[in-house]
$ cat upload_30.cif   # mmCIF, C-alpha atoms
data_structure
#
loop_
_atom_site.label_atom_id
_atom_site.label_comp_id
_atom_site.auth_asym_id
_atom_site.auth_seq_id
_atom_site.Cartn_x
_atom_site.Cartn_y
_atom_site.Cartn_z
CA MET J 1 11.16 -30.86 33.20
CA LYS J 2 10.76 -32.07 29.62
CA LEU J 3 7.07 -32.74 30.21
CA ALA J 4 6.61 -29.26 31.66
CA SER J 5 8.38 -27.73 28.67
CA TRP J 6 6.28 -29.65 26.20
CA GLY J 7 3.17 -28.68 28.18
CA LEU J 8 4.14 -25.02 27.89
CA VAL J 9 4.81 -25.38 24.17
CA ALA J 10 1.45 -27.07 23.65
CA THR J 11 -0.34 -24.37 25.62
CA LEU J 12 1.35 -21.60 23.65
CA ALA J 13 0.53 -23.37 20.39
CA LEU J 14 -3.12 -23.64 21.40
CA LEU J 15 -3.26 -19.95 22.38
CA THR J 16 -1.62 -18.98 19.10
CA ALA J 17 -4.10 -21.08 17.14
CA CYS J 18 -7.03 -19.53 19.00
CA THR J 19 -5.67 -16.03 18.44
CA GLN J 20 -5.13 -16.71 14.74
CA THR J 21 -8.63 -18.18 14.43
CA ALA J 22 -10.15 -15.10 16.09
CA TYR J 23 -8.18 -12.82 13.79
CA LEU J 24 -9.15 -14.72 10.65
CA SER J 25 -12.76 -14.69 11.79
CA GLN J 26 -12.84 -10.90 12.04
CA SER J 27 -11.10 -10.67 8.66
CA ILE J 28 -13.62 -12.93 6.94
CA GLY J 29 -16.58 -11.31 8.69
CA GLY J 30 -15.36 -7.81 7.87
CA HIS J 31 -14.81 -8.64 4.22
CA LEU J 32 -18.19 -10.35 3.83
CA SER J 33 -19.85 -7.29 5.37
CA LEU J 34 -18.03 -5.06 2.90
CA MET J 35 -19.05 -7.25 -0.02
CA ALA J 36 -22.69 -7.34 1.13
CA ALA J 37 -22.80 -3.53 1.15
CA ALA J 38 -21.77 -3.28 -2.52
CA GLN J 39 -24.26 -2.63 -5.31
CA PRO J 40 -23.71 -2.76 -9.09
CA VAL J 41 -22.65 0.62 -10.46
CA ASP J 42 -25.12 0.30 -13.35
CA LYS J 43 -27.96 -0.16 -10.88
CA LEU J 44 -26.93 2.88 -8.87
CA LEU J 45 -26.59 5.02 -11.99
CA ALA J 46 -30.18 4.13 -12.93
CA GLU J 47 -31.48 5.66 -9.69
CA PRO J 48 -32.76 9.23 -10.34
CA GLU J 49 -32.16 10.29 -6.72
CA LEU J 50 -28.45 9.41 -6.81
CA ALA J 51 -26.38 12.41 -5.66
CA ALA J 52 -24.90 14.29 -8.62
CA ASP J 53 -21.33 14.25 -7.30
CA LEU J 54 -21.44 10.51 -6.68
CA ARG J 55 -22.97 9.92 -10.11
CA GLU J 56 -20.11 11.82 -11.75
CA ARG J 57 -17.54 9.80 -9.79
CA LEU J 58 -19.12 6.46 -10.60
CA LEU J 59 -19.22 7.35 -14.29
CA LEU J 60 -15.55 8.34 -14.10
CA SER J 61 -14.69 5.08 -12.34
CA GLN J 62 -16.18 3.06 -15.19
CA ARG J 63 -14.22 5.05 -17.77
CA LEU J 64 -11.11 4.27 -15.75
CA ARG J 65 -12.12 0.62 -15.57
CA ALA J 66 -12.48 0.47 -19.35
CA TYR J 67 -9.07 2.11 -19.78
CA SER J 68 -7.51 -0.37 -17.37
CA VAL J 69 -8.61 -3.22 -19.62
CA ASP J 70 -8.25 -1.68 -23.09
CA THR J 71 -4.93 0.12 -22.63
CA LEU J 72 -3.19 -1.19 -19.51
CA LYS J 73 -4.32 -4.78 -20.16
CA LEU J 74 -5.31 -5.28 -16.53
CA PRO J 75 -7.83 -8.02 -15.67
CA ASP J 76 -11.28 -7.72 -17.22
CA ASN J 77 -13.49 -9.02 -14.43
CA ASP J 78 -16.11 -7.87 -11.91
CA SER J 79 -13.76 -5.86 -9.70
CA TYR J 80 -14.57 -2.13 -9.38
CA ARG J 81 -17.90 -2.47 -11.13
CA ARG J 82 -19.81 -2.28 -7.84
CA TYR J 83 -19.85 0.42 -5.14
CA ALA J 84 -20.22 0.37 -1.35
CA ASP J 85 -20.54 3.16 1.19
CA LEU J 86 -19.04 1.74 4.38
CA GLY J 87 -19.94 4.73 6.52
CA ARG J 88 -16.36 5.02 7.74
CA SER J 89 -13.12 6.67 6.67
CA ALA J 90 -11.09 3.53 5.88
CA ALA J 91 -11.71 0.07 4.50
CA VAL J 92 -9.35 -1.42 7.10
CA TRP J 93 -6.76 -0.21 9.58
CA ASN J 94 -3.32 -1.77 9.21
CA VAL J 95 -0.85 -2.29 12.00
CA VAL J 96 2.86 -2.31 11.12
CA ALA J 97 5.75 -2.74 13.54
CA THR J 98 9.54 -2.64 13.68
CA PRO J 99 12.22 -2.97 16.37
CA GLU J 100 13.01 0.14 18.40
CA LEU J 101 16.41 0.35 16.72
CA GLY J 102 15.75 -1.24 13.35
CA LEU J 103 13.87 -0.79 10.09
CA THR J 104 12.75 -4.35 9.36
CA LEU J 105 8.99 -4.83 9.28
CA LYS J 106 7.53 -7.54 11.47
CA THR J 107 5.70 -10.07 9.31
CA TRP J 108 2.56 -12.14 9.78
CA CYS J 109 1.59 -15.20 7.75
CA TYR J 110 -1.90 -16.06 6.53
CA PRO J 111 -3.58 -18.61 4.29
CA VAL J 112 -3.48 -17.71 0.56
CA MET J 113 -1.71 -14.35 1.10
CA GLY J 114 1.42 -15.85 2.62
CA CYS J 115 3.62 -13.64 4.81
CA VAL J 116 3.14 -9.86 4.74
CA GLY J 117 4.46 -6.89 6.68
CA TYR J 118 1.15 -5.74 8.14
CA ARG J 119 -1.90 -6.93 10.05
CA GLY J 120 -5.27 -5.50 9.05
CA TYR J 121 -8.41 -4.91 11.13
CA PHE J 122 -11.88 -3.84 10.06
CA ASP J 123 -12.39 -2.16 13.43
CA ARG J 124 -10.11 0.72 14.48
CA ALA J 125 -10.42 -0.13 18.17
CA GLU J 126 -9.17 -3.68 17.55
CA ALA J 127 -6.24 -2.33 15.55
CA ASP J 128 -5.34 0.07 18.35
CA ALA J 129 -5.61 -2.68 20.96
CA TYR J 130 -3.27 -4.93 19.02
CA ALA J 131 -0.87 -2.04 18.47
CA ALA J 132 -0.78 -1.49 22.24
CA GLN J 133 0.23 -5.15 22.71
CA LEU J 134 3.09 -4.75 20.26
CA ARG J 135 4.28 -1.55 21.95
CA ALA J 136 4.29 -3.40 25.26
CA GLU J 137 6.69 -5.87 23.63
CA GLY J 138 9.07 -3.00 22.88
CA LEU J 139 8.24 -2.57 19.19
CA GLU J 140 7.65 0.69 17.35
CA VAL J 141 4.19 0.66 15.82
CA LEU J 142 2.11 2.55 13.29
CA VAL J 143 -1.65 2.24 12.79
CA TYR J 144 -2.95 3.72 9.55
CA GLY J 145 -6.18 3.69 7.60
CA VAL J 146 -6.23 1.91 4.24
CA PRO J 147 -8.74 3.18 1.65
CA ALA J 148 -8.76 -0.07 -0.36
CA TYR J 149 -7.24 -3.53 -0.48
CA SER J 150 -7.04 -6.31 -3.03
CA THR J 151 -8.33 -9.85 -2.59
CA LEU J 152 -6.01 -10.92 -5.44
CA GLY J 153 -8.98 -11.84 -7.60
CA TRP J 154 -10.61 -14.27 -5.17
CA SER J 155 -13.62 -12.01 -4.66
CA ASN J 156 -14.47 -12.07 -8.34
CA PHE J 157 -16.47 -15.22 -7.59
CA PHE J 158 -18.72 -13.04 -5.40
CA GLY J 159 -18.89 -9.80 -7.35
CA GLY J 160 -15.29 -8.55 -7.26
CA ASP J 161 -13.47 -5.98 -5.15
CA PRO J 162 -15.78 -2.94 -4.93
CA LEU J 163 -15.30 0.77 -5.31
CA LEU J 164 -15.60 2.39 -1.87
CA ASN J 165 -16.60 5.72 -0.37
CA THR J 166 -13.11 5.79 1.17
CA PHE J 167 -11.53 6.73 -2.16
CA ILE J 168 -14.26 7.40 -4.75
CA LYS J 169 -13.87 11.20 -4.35
CA TYR J 170 -10.10 11.25 -4.83
CA PRO J 171 -8.86 13.68 -7.50
CA PRO J 172 -9.08 12.01 -10.95
CA GLY J 173 -5.38 11.12 -11.20
CA GLU J 174 -5.31 9.59 -7.72
CA LEU J 175 -8.56 7.71 -8.33
CA ALA J 176 -7.09 6.27 -11.51
CA GLY J 177 -3.94 5.28 -9.66
CA MET J 178 -5.90 3.59 -6.87
CA VAL J 179 -7.92 1.44 -9.27
CA PHE J 180 -4.85 0.52 -11.35
CA HIS J 181 -2.77 -0.26 -8.23
CA GLU J 182 -5.31 -2.67 -6.77
CA LEU J 183 -5.95 -4.38 -10.10
CA ALA J 184 -2.20 -4.89 -10.50
CA HIS J 185 -2.24 -7.13 -7.43
CA GLN J 186 -4.50 -9.47 -9.38
CA VAL J 187 -1.89 -9.75 -12.14
CA ALA J 188 1.14 -10.85 -10.12
CA TYR J 189 1.65 -11.60 -6.45
CA SER J 190 4.42 -13.24 -4.47
CA ALA J 191 3.27 -14.72 -1.20
CA ASP J 192 6.50 -13.92 0.66
CA ASP J 193 7.51 -10.46 -0.58
CA THR J 194 5.49 -7.37 0.40
CA GLN J 195 8.08 -5.01 -1.09
CA PHE J 196 8.00 -6.76 -4.48
CA ASN J 197 4.20 -6.77 -4.58
CA GLU J 198 3.68 -3.17 -3.52
CA SER J 199 6.49 -1.70 -5.61
CA PHE J 200 5.12 -3.46 -8.70
CA ALA J 201 1.59 -2.18 -8.04
CA THR J 202 2.95 1.33 -7.36
CA LEU J 203 4.70 1.33 -10.74
CA VAL J 204 1.48 0.32 -12.51
CA GLU J 205 -0.35 3.01 -10.52
CA ARG J 206 2.08 5.78 -11.50
CA ARG J 207 2.55 4.91 -15.16
CA GLY J 208 -1.10 4.06 -15.61
CA ALA J 209 -2.35 7.31 -14.07
CA ASP J 210 0.15 9.33 -16.13
CA ALA J 211 -0.98 7.67 -19.35
CA TRP J 212 -4.69 8.02 -18.57
CA LEU J 213 -4.35 11.72 -17.71
CA GLN J 214 -2.46 12.35 -20.94
CA ALA J 215 -5.14 10.57 -22.94
CA GLN J 216 -8.32 11.64 -21.16
CA GLY J 217 -7.57 14.15 -18.41
CA SER J 218 -8.08 17.90 -18.67
CA PRO J 219 -5.11 20.30 -18.63
CA ALA J 220 -6.11 21.42 -15.12
CA GLU J 221 -6.27 17.80 -13.88
CA ARG J 222 -2.88 17.04 -15.39
CA ALA J 223 -1.31 20.14 -13.84
CA ALA J 224 -2.79 19.41 -10.39
CA TYR J 225 -1.61 15.79 -10.56
CA ARG J 226 1.91 16.81 -11.63
CA LEU J 227 2.14 19.19 -8.67
CA ARG J 228 1.01 16.55 -6.20
CA MET J 229 3.42 13.99 -7.67
CA GLN J 230 6.28 16.49 -7.56
CA ARG J 231 5.65 17.07 -3.87
CA ARG J 232 5.30 13.36 -3.28
CA GLU J 233 8.70 12.77 -4.87
CA GLN J 234 10.24 15.53 -2.74
CA PHE J 235 8.68 13.90 0.31
CA ARG J 236 10.11 10.52 -0.69
CA ALA J 237 13.55 11.99 -1.36
CA LEU J 238 13.61 13.66 2.05
CA THR J 239 12.37 10.63 3.95
CA GLY J 240 14.57 8.26 1.93
CA ASP J 241 17.65 10.26 2.92
CA TYR J 242 16.76 10.07 6.59
CA ARG J 243 15.83 6.41 6.36
CA GLN J 244 19.35 5.75 5.07
CA ARG J 245 20.84 7.77 7.91
CA LEU J 246 18.82 5.82 10.44
CA ALA J 247 19.86 2.51 8.86
CA GLU J 248 23.53 3.52 9.12
CA LEU J 249 23.03 4.54 12.75
CA TYR J 250 21.29 1.27 13.68
CA GLY J 251 23.98 -0.76 11.92
CA SER J 252 26.82 1.05 13.68
CA PRO J 253 28.77 -0.37 16.66
CA GLN J 254 27.48 2.38 18.97
CA SER J 255 25.76 1.50 22.24
CA GLU J 256 21.96 1.30 22.32
CA ASP J 257 21.79 4.49 24.39
CA SER J 258 23.91 6.32 21.82
CA LYS J 259 21.70 5.01 19.03
CA ARG J 260 18.59 6.23 20.84
CA ALA J 261 20.11 9.68 21.24
CA GLY J 262 21.21 9.74 17.59
CA LYS J 263 17.76 8.64 16.49
CA ALA J 264 16.10 11.48 18.43
CA LYS J 265 18.43 14.02 16.82
CA LEU J 266 17.78 12.66 13.33
CA LEU J 267 14.01 12.78 13.78
CA GLN J 268 14.21 16.34 15.06
CA SER J 269 16.39 17.32 12.10
CA LEU J 270 13.94 15.59 9.74
CA ARG J 271 11.03 17.64 11.06
CA GLU J 272 13.03 20.86 10.74
CA ASP J 273 13.93 20.04 7.12
CA TYR J 274 10.29 19.28 6.40
CA GLY J 275 9.25 22.60 7.91
CA ARG J 276 11.62 24.43 5.56
CA LEU J 277 10.45 22.43 2.52
CA LYS J 278 6.82 23.10 3.40
CA ALA J 279 7.38 26.85 3.89
CA GLU J 280 9.84 27.56 1.08
CA ALA J 281 8.73 25.22 -1.73
CA TRP J 282 5.19 24.10 -0.97
CA GLY J 283 3.50 27.36 -0.06
CA GLY J 284 2.49 26.01 3.33
CA ASP J 285 0.80 22.84 2.01
CA ALA J 286 0.16 20.79 5.17
CA SER J 287 -0.74 17.49 3.46
CA TYR J 288 2.17 15.62 5.06
CA ASP J 289 1.97 17.14 8.55
CA GLY J 290 0.40 14.01 10.01
CA TRP J 291 3.11 11.75 8.64
CA PHE J 292 5.93 13.81 10.13
CA ALA J 293 4.15 14.17 13.46
CA ARG J 294 3.93 10.38 13.79
CA ALA J 295 7.20 9.46 12.05
CA ASN J 296 8.97 6.45 13.54
CA ASN J 297 10.80 3.35 12.34
CA ALA J 298 7.55 1.69 11.28
CA SER J 299 6.69 4.72 9.11
CA PHE J 300 10.04 4.56 7.32
CA ALA J 301 9.88 0.80 6.81
CA LEU J 302 6.39 1.03 5.35
CA LEU J 303 7.50 3.66 2.82
CA ALA J 304 10.33 1.41 1.70
CA ALA J 305 7.90 -1.43 1.03
CA TYR J 306 5.95 0.71 -1.43
CA THR J 307 8.71 2.54 -3.27
CA ASP J 308 12.21 1.05 -3.06
CA LEU J 309 11.83 -1.40 -5.95
CA THR J 310 9.67 0.83 -8.14
CA PRO J 311 12.63 2.16 -10.20
CA ALA J 312 13.60 -1.43 -11.02
CA PHE J 313 10.06 -2.20 -12.21
CA ASP J 314 10.10 1.01 -14.24
CA ALA J 315 13.32 -0.12 -15.93
CA LEU J 316 11.81 -3.56 -16.55
CA LEU J 317 8.78 -1.97 -18.23
CA ALA J 318 11.11 0.05 -20.47
CA ARG J 319 13.06 -3.09 -21.39
CA GLN J 320 9.80 -4.71 -22.43
CA GLY J 321 9.16 -1.79 -24.79
CA HIS J 322 6.35 -0.51 -22.55
CA ASP J 323 4.34 -3.50 -23.71
CA TRP J 324 2.06 -4.21 -20.75
CA PRO J 325 1.32 -7.92 -21.42
CA HIS J 326 5.05 -8.68 -21.90
CA PHE J 327 5.85 -6.70 -18.76
CA TYR J 328 3.25 -8.60 -16.72
CA ALA J 329 4.54 -11.93 -18.02
CA GLU J 330 8.05 -11.05 -16.85
CA VAL J 331 6.81 -9.87 -13.45
CA LYS J 332 4.89 -13.13 -13.00
CA ARG J 333 8.02 -15.07 -13.89
CA LEU J 334 9.99 -13.16 -11.26
CA ALA J 335 7.25 -13.62 -8.66
CA ALA J 336 7.58 -17.39 -9.00
CA LEU J 337 11.32 -17.37 -8.21
CA PRO J 338 12.83 -17.82 -4.74
CA LYS J 339 13.00 -14.44 -3.00
CA THR J 340 16.79 -13.96 -3.18
CA GLU J 341 16.94 -14.90 -6.86
CA ARG J 342 13.88 -12.73 -7.60
CA ARG J 343 15.43 -9.69 -5.96
CA SER J 344 18.76 -10.21 -7.71
CA GLU J 345 17.17 -10.48 -11.16
CA LEU J 346 14.92 -7.49 -10.62
CA LEU J 347 17.72 -5.22 -9.43
CA LYS J 348 19.75 -6.07 -12.53
CA GLN J 349 17.22 -3.93 -14.39
CA THR J 350 18.76 -0.78 -12.89
CA GLY J 351 22.28 -2.13 -12.47
CA ASP J 352 21.93 -2.07 -8.64
#
$ encode --input "upload_30.cif" --output "structure tokens"
Amino acid sequence: MKLASWGLVATLALLTACTQTAYLSQSIGGHLSLMAAAQPVDKLLAEPELAADLRERLLLSQRLRAYSVDTLKLPDNDSYRRYADLGRSAAVWNVVATPELGLTLKTWCYPVMGCVGYRGYFDRAEADAYAAQLRAEGLEVLVYGVPAYSTLGWSNFFGGDPLLNTFIKYPPGELAGMVFHELAHQVAYSADDTQFNESFATLVERRGADAWLQAQGSPAERAAYRLRMQRREQFRALTGDYRQRLAELYGSPQSEDSKRAGKAKLLQSLREDYGRLKAEAWGGDASYDGWFARANNASFALLAAYTDLTPAFDALLARQGHDWPHFYAEVKRLAALPKTERRSELLKQTGD
């Protein structure tokens, strides 16, 4: 019996290793293909036949890149000085998953990156196939397109993370935020804490975009960005409230059947509240329709990863006198701590 058990363990280990190898192979191949498609922005700008709208965006991207170095003190390297048109709508498609009655993201561990709460694929069909496997295991799953990702500075040896067609035509404030967010990942990164990493980058994104728009944006661009951010905050407030309600439901002593029924009622109520917000305050803006149509535990857990610690980072920036180098030094110090200690120290910033 022992031999049979060890044989099963060995077989499972071999299958896991093969699966991981296949996954890493598609990741490396996909990234190398992306890198090979990139061309220096200066070279593209020298081409007379370059489309006028793309030319304007590439010029804007380089002004943003200069601002990221001169004012935000983000890394001055080759990232976002090349451009690639991938011919698709996303750089990668991420798969995230949670229990049916829980809000904890499933994690996967990789070389260099450590453990993160998502699994990325360069091919949508592969992402969907893996998502189907997870659903068959009883997990709630979300597949979503990602316009950009950071290689944490490793790609600077080969030309740096490129600008992509997937986000180059974002409104100016959002384009600024995207570039600043991804560069922030090159400043500080903790290999075991997705929420820490993403909340830090989101803070740099928000404060950086605000500052750039104030310094270089037009009044119309600032007004449009403020409106979008206001609606984003209303979206986050609404979903944060329901995420808390779901967490309380899942943590209650009710039976699983009662929790499923309560969950269905909460999601229905959420969609009704969204409908009222959209009609009464947003003038019918349908930008978030897709999110609410697909909303599940994985959706809520993913939002938490990007936003829950952002107020603490904002408070930390204020305590550092809004001095970016001092702020980054403190974030790097926190990133090196054990996760529990890191979280405790960070939350002291807001008194939580």
$ resolve_selection --input "upload_30.cif" --expression "the PyMOL selection byres ((chain J and resi 23) around 12)" --output "list in words"
Thr16, Ala17, Cys18, Thr19, Gln20, Thr21, Ala22, Leu24, Ser25, Gln26, Ser27, Ile28, Gly29, Gly30, Trp108, Cys109, Tyr110, Arg119, Gly120, Tyr121, Phe122, Asp123, Glu126, Ala127 and Tyr130 of chain J
$ residues_near_point --input "upload_30.cif" --point "(6.2, -14.4, -9.8)" --cutoff "12 Å" --atoms "all atoms listed in the file" --output "MDAnalysis selection string"
chainID J and resid 185:193 196:197 200 327:339 341:343 345:346
$ closest_residue --input "upload_30.cif" --among "J:Lys106, J:Arg88, J:Arg228, J:Arg206" --to "Phe167 of chain J" --atoms "all atoms listed in the file"
J:Arg88
$ residues_around --input "upload_30.cif" --residues "Asp76 of chain J" --least-positions-apart "3" --cutoff "10 Å" --atoms "all atoms listed in the file" --output "JSON, numbers by chain"
{"J": [65, 66, 68, 69, 70, 73, 79, 183]}
$ resolve_selection --input "upload_30.cif" --expression "the PyMOL selection byres ((chain J and resi 300-316) around 7)" --output "PDB file with C-alpha atoms, in the coordinates of the input"
ATOM      1  CA  LEU J 103      13.870  -0.790  10.090  1.00  0.00           C
ATOM      2  CA  THR J 104      12.750  -4.350   9.360  1.00  0.00           C
ATOM      3  CA  LEU J 105       8.990  -4.830   9.280  1.00  0.00           C
ATOM      4  CA  THR J 194       5.490  -7.370   0.400  1.00  0.00           C
ATOM      5  CA  GLN J 195       8.080  -5.010  -1.090  1.00  0.00           C
ATOM      6  CA  PHE J 196       8.000  -6.760  -4.480  1.00  0.00           C
ATOM      7  CA  GLU J 198       3.680  -3.170  -3.520  1.00  0.00           C
ATOM      8  CA  SER J 199       6.490  -1.700  -5.610  1.00  0.00           C
ATOM      9  CA  PHE J 200       5.120  -3.460  -8.700  1.00  0.00           C
ATOM     10  CA  THR J 202       2.950   1.330  -7.360  1.00  0.00           C
ATOM     11  CA  LEU J 203       4.700   1.330 -10.740  1.00  0.00           C
ATOM     12  CA  ARG J 243      15.830   6.410   6.360  1.00  0.00           C
ATOM     13  CA  ASN J 296       8.970   6.450  13.540  1.00  0.00           C
ATOM     14  CA  ASN J 297      10.800   3.350  12.340  1.00  0.00           C
ATOM     15  CA  ALA J 298       7.550   1.690  11.280  1.00  0.00           C
ATOM     16  CA  SER J 299       6.690   4.720   9.110  1.00  0.00           C
ATOM     17  CA  LEU J 317       8.780  -1.970 -18.230  1.00  0.00           C
ATOM     18  CA  ALA J 318      11.110   0.050 -20.470  1.00  0.00           C
ATOM     19  CA  ARG J 319      13.060  -3.090 -21.390  1.00  0.00           C
ATOM     20  CA  GLN J 320       9.800  -4.710 -22.430  1.00  0.00           C
ATOM     21  CA  LEU J 346      14.920  -7.490 -10.620  1.00  0.00           C
ATOM     22  CA  LEU J 347      17.720  -5.220  -9.430  1.00  0.00           C
ATOM     23  CA  GLN J 349      17.220  -3.930 -14.390  1.00  0.00           C
ATOM     24  CA  THR J 350      18.760  -0.780 -12.890  1.00  0.00           C
TER      25      THR J 350
END
$ resolve_selection --input "upload_30.cif" --expression "the PyMOL selection byres ((chain J and resi 34) around 10)" --output "PDB file with C-alpha atoms, in the coordinates of the input"
ATOM      1  CA  ILE J  28     -13.620 -12.930   6.940  1.00  0.00           C
ATOM      2  CA  GLY J  29     -16.580 -11.310   8.690  1.00  0.00           C
ATOM      3  CA  GLY J  30     -15.360  -7.810   7.870  1.00  0.00           C
ATOM      4  CA  HIS J  31     -14.810  -8.640   4.220  1.00  0.00           C
ATOM      5  CA  LEU J  32     -18.190 -10.350   3.830  1.00  0.00           C
ATOM      6  CA  SER J  33     -19.850  -7.290   5.370  1.00  0.00           C
ATOM      7  CA  MET J  35     -19.050  -7.250  -0.020  1.00  0.00           C
ATOM      8  CA  ALA J  36     -22.690  -7.340   1.130  1.00  0.00           C
ATOM      9  CA  ALA J  37     -22.800  -3.530   1.150  1.00  0.00           C
ATOM     10  CA  ALA J  38     -21.770  -3.280  -2.520  1.00  0.00           C
ATOM     11  CA  TYR J  83     -19.850   0.420  -5.140  1.00  0.00           C
ATOM     12  CA  ALA J  84     -20.220   0.370  -1.350  1.00  0.00           C
ATOM     13  CA  ASP J  85     -20.540   3.160   1.190  1.00  0.00           C
ATOM     14  CA  LEU J  86     -19.040   1.740   4.380  1.00  0.00           C
ATOM     15  CA  ALA J  91     -11.710   0.070   4.500  1.00  0.00           C
ATOM     16  CA  PHE J 122     -11.880  -3.840  10.060  1.00  0.00           C
ATOM     17  CA  ASP J 161     -13.470  -5.980  -5.150  1.00  0.00           C
ATOM     18  CA  PRO J 162     -15.780  -2.940  -4.930  1.00  0.00           C
ATOM     19  CA  LEU J 164     -15.600   2.390  -1.870  1.00  0.00           C
TER      20      LEU J 164
END
$ residues_around --input "upload_30.cif" --residues "Thr107 of chain J" --least-positions-apart "5" --cutoff "8 Å" --atoms "all atoms listed in the file" --output "ChimeraX atom specification"
/J:115-118
$ write_last_selection --input "upload_30.cif" --atoms "C-alpha atoms" --output "PDB file, in the frame of the given file"
ATOM      1  CA  CYS J 115       3.620 -13.640   4.810  1.00  0.00           C
ATOM      2  CA  VAL J 116       3.140  -9.860   4.740  1.00  0.00           C
ATOM      3  CA  GLY J 117       4.460  -6.890   6.680  1.00  0.00           C
ATOM      4  CA  TYR J 118       1.150  -5.740   8.140  1.00  0.00           C
TER       5      TYR J 118
END
$ closest_residue --input "upload_30.cif" --among "J:Ala237, J:Ala279, J:Ala264, J:Met229" --to "Leu249 of chain J" --atoms "only C-alpha atoms"
J:Ala264
$ atom_distance --input "upload_30.cif" --atom1 "atom CA of Gln254 of chain J" --atom2 "atom CA of Phe292 of chain J"
25.9 Å
$ atom_distance --input "upload_30.cif" --atom1 "atom CA of Arg57 of chain J" --atom2 "atom CA of Gly153 of chain J"
23.4 Å
$ atom_distance --input "upload_30.cif" --atom1 "atom CA of Pro75 of chain J" --atom2 "atom CA of Gln214 of chain J"
21.7 Å
$ closest_residue --input "upload_30.cif" --among "J:Ala148, J:Glu256, J:Lys265, J:Leu270" --to "Gly240 of chain J" --atoms "all atoms listed in the file"
J:Leu270
$ closest_residue --input "upload_30.cif" --among "J:Gly208, J:Pro219, J:Gly251, J:Pro147" --to "Leu163 of chain J" --atoms "only C-alpha atoms"
J:Pro147
$ residues_around --input "upload_30.cif" --residues "Pro171 of chain J" --least-positions-apart "4" --cutoff "10 Å" --atoms "only C-alpha atoms" --output "PDB file with C-alpha atoms, in the frame of the given file"
ATOM      1  CA  ARG J  57     -17.540   9.800  -9.790  1.00  0.00           C
ATOM      2  CA  PHE J 167     -11.530   6.730  -2.160  1.00  0.00           C
ATOM      3  CA  LEU J 175      -8.560   7.710  -8.330  1.00  0.00           C
ATOM      4  CA  ALA J 176      -7.090   6.270 -11.510  1.00  0.00           C
ATOM      5  CA  GLY J 177      -3.940   5.280  -9.660  1.00  0.00           C
ATOM      6  CA  GLU J 221      -6.270  17.800 -13.880  1.00  0.00           C
ATOM      7  CA  ALA J 224      -2.790  19.410 -10.390  1.00  0.00           C
ATOM      8  CA  TYR J 225      -1.610  15.790 -10.560  1.00  0.00           C
TER       9      TYR J 225
END
